[in-house]
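Asks: Here's a structure for you.
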Amino acid sequence: VAVLSIFLGIAATSALSGSLASIFVERNSRTRRGLMDFPKLNDHLIVCGWKAHMRDILLDILQGSDLSDDRLVLLSNIDSDKVEEIKEDIELKNLKFVRGDYFSEVTLKRANVHTARKVLVLADTWESSVPSEIDSKTVMTVLTIKALARDIYTTAELLDRKYESYLKHAGCDEIIFS
């Protein structure tokens with residue numbers, strides 16, 4: 001009975017530790033790939049889109065505000081390797097990443113847009129270089145954000161001034177022209 005009890009104890013301990021390790025590895029993998037949801041996050045800043053000098057932009061945002069890097073969510077379709085490069089900076093190591101179309105309602109909900117403090121929509125030149133397409137995505141993003149959370153302060157970057165009226169109609173609080 002004692003020998004059987006010892007073997008069963010070892011087997012149970014091994015199975016439990018293996019299951020826990022598997023859970024932690026899977027969670028870490030999902031976080032790195034931008035597939036995690038952040039339902040408990042609140043009072044955070046969501047940055048939608050990608051720019052060539054994203055690290056500098058994020059550092060400027062942190063230096064110019066009272067936010068910490070764990071309250072900063074990057075929402076983009078960018079490869080997770082690029083985000084990992086940014087997270088190598090000690091000041092951005094706790095940056096949260098949600099991978100997906102930033103104008104998508106599902107993706108914005110994964111970033112918990114309902115409880116965000118502000119949303120910054122950048123003119124994303126990563127997937128397209130056509131200004132009208134980029135600005136259309138920006139307008140679509142602001143429309144989606146305002147439909148989900150009307151009171152969220154939104155700032156949007158435009159490449160072409162002719163889209164300014166669309167952003168104003170969408171309820172954008174601040175417009176930046178590149």
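Labels for the structure tokens follow display order: chains A, B, ..., residues from 1 in each chain, ligands from 1.
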Can I get the residues of segment 99-137 of chain A within 12 Å of segment 154-167 of chain A, each with the closest pair of atoms and their distance in Å to one decimal, using only C-alpha atoms, sorted chain first then ascending number, as CSV?

Replies:
residue,atom,partner,partner_atom,distance
A:Val113,CA,A:Thr154,CA,10.9
A:Ala116,CA,A:Thr154,CA,10.3
A:Arg117,CA,A:Thr154,CA,9.2
A:Lys118,CA,A:Thr154,CA,5.8
A:Val119,CA,A:Thr154,CA,4.9
A:Leu120,CA,A:Thr155,CA,4.8
A:Val121,CA,A:Ala156,CA,4.6
A:Leu122,CA,A:Glu157,CA,5.1
A:Ala123,CA,A:Glu157,CA,5.4
A:Asp124,CA,A:Glu157,CA,9.0
A:Thr125,CA,A:Leu159,CA,10.1
A:Ser129,CA,A:Leu159,CA,10.6
A:Val130,CA,A:Leu159,CA,9.7
A:Pro131,CA,A:Leu159,CA,6.1
A:Ser132,CA,A:Asp160,CA,7.4
A:Glu133,CA,A:Leu159,CA,10.1
A:Ile134,CA,A:Leu159,CA,7.9
A:Asp135,CA,A:Leu158,CA,5.8
A:Ser136,CA,A:Tyr163,CA,7.8
A:Lys137,CA,A:Leu158,CA,10.1

Asks: Could you tell me, as a PyMOL selection string, which residues of segment 15-97 of chain A DSSP assigns to strand (DSSP E or B) when given the backbone?

Replies: chain A and resi 45-48+72-76+96-97

Asks: Between A:Leu143, A:Leu58, A:Val47, A:Ala149, which has the minimum distance to Lys168 of chain A (counting only C-alpha atoms)?

Replies: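 Looking only at the distances to Lys168 of chain A, the closest residue turns out to be A:Leu143.
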
Asks: So that I can check the surroundings of Asp79 of chain A, please list as a list of chain:residue names every protein, DNA and RNA residue that reaches within 9 Å of it, counting only C-alpha atoms and ignoring chain neighbours fewer than 3 positions away.

Replies: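 Using only C-alpha atoms, the neighbours found are A:Arg33, A:Ser76, A:Lys82, A:Val83, A:Arg99.
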
Asks: Between atom CA of Asp69 of chain A and atom CA of Ile152 of chain A, what is the distance in Å, rounded to a tenth?

Replies: 19.7 Å

Asks: Report the residues of segment 35-138 of chain A whose backbone DSSP state falls under helix (DSSP H, G or I), written as a PyMOL selection string.

Replies: chain A and resi 54-63+69-71+80-87+90-92+105-110+113-115+131-138

Asks: Between atom CA of Asp173 of chain A and atom CA of His114 of chain A, what is the distance in Å, rounded to a tenth?

Replies: 16.4 Å

Asks: Identify which of the residues A:Ser68, A:Thr115, A:Ser19, A:Ser178 lies closest to Lys96 of chain A, counting only C-alpha atoms when measuring atom-to-atom distances.

Replies: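 The closest residue to Lys96 of chain A is A:Ser68.
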
Asks: Which distance in Å separates atom CA of Lys146 of chain A and atom CA of Gly171 of chain A, to one decimal?

Replies: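 According to the coordinates, atom CA of Lys146 of chain A and atom CA of Gly171 of chain A are separated by 7.0 Å.
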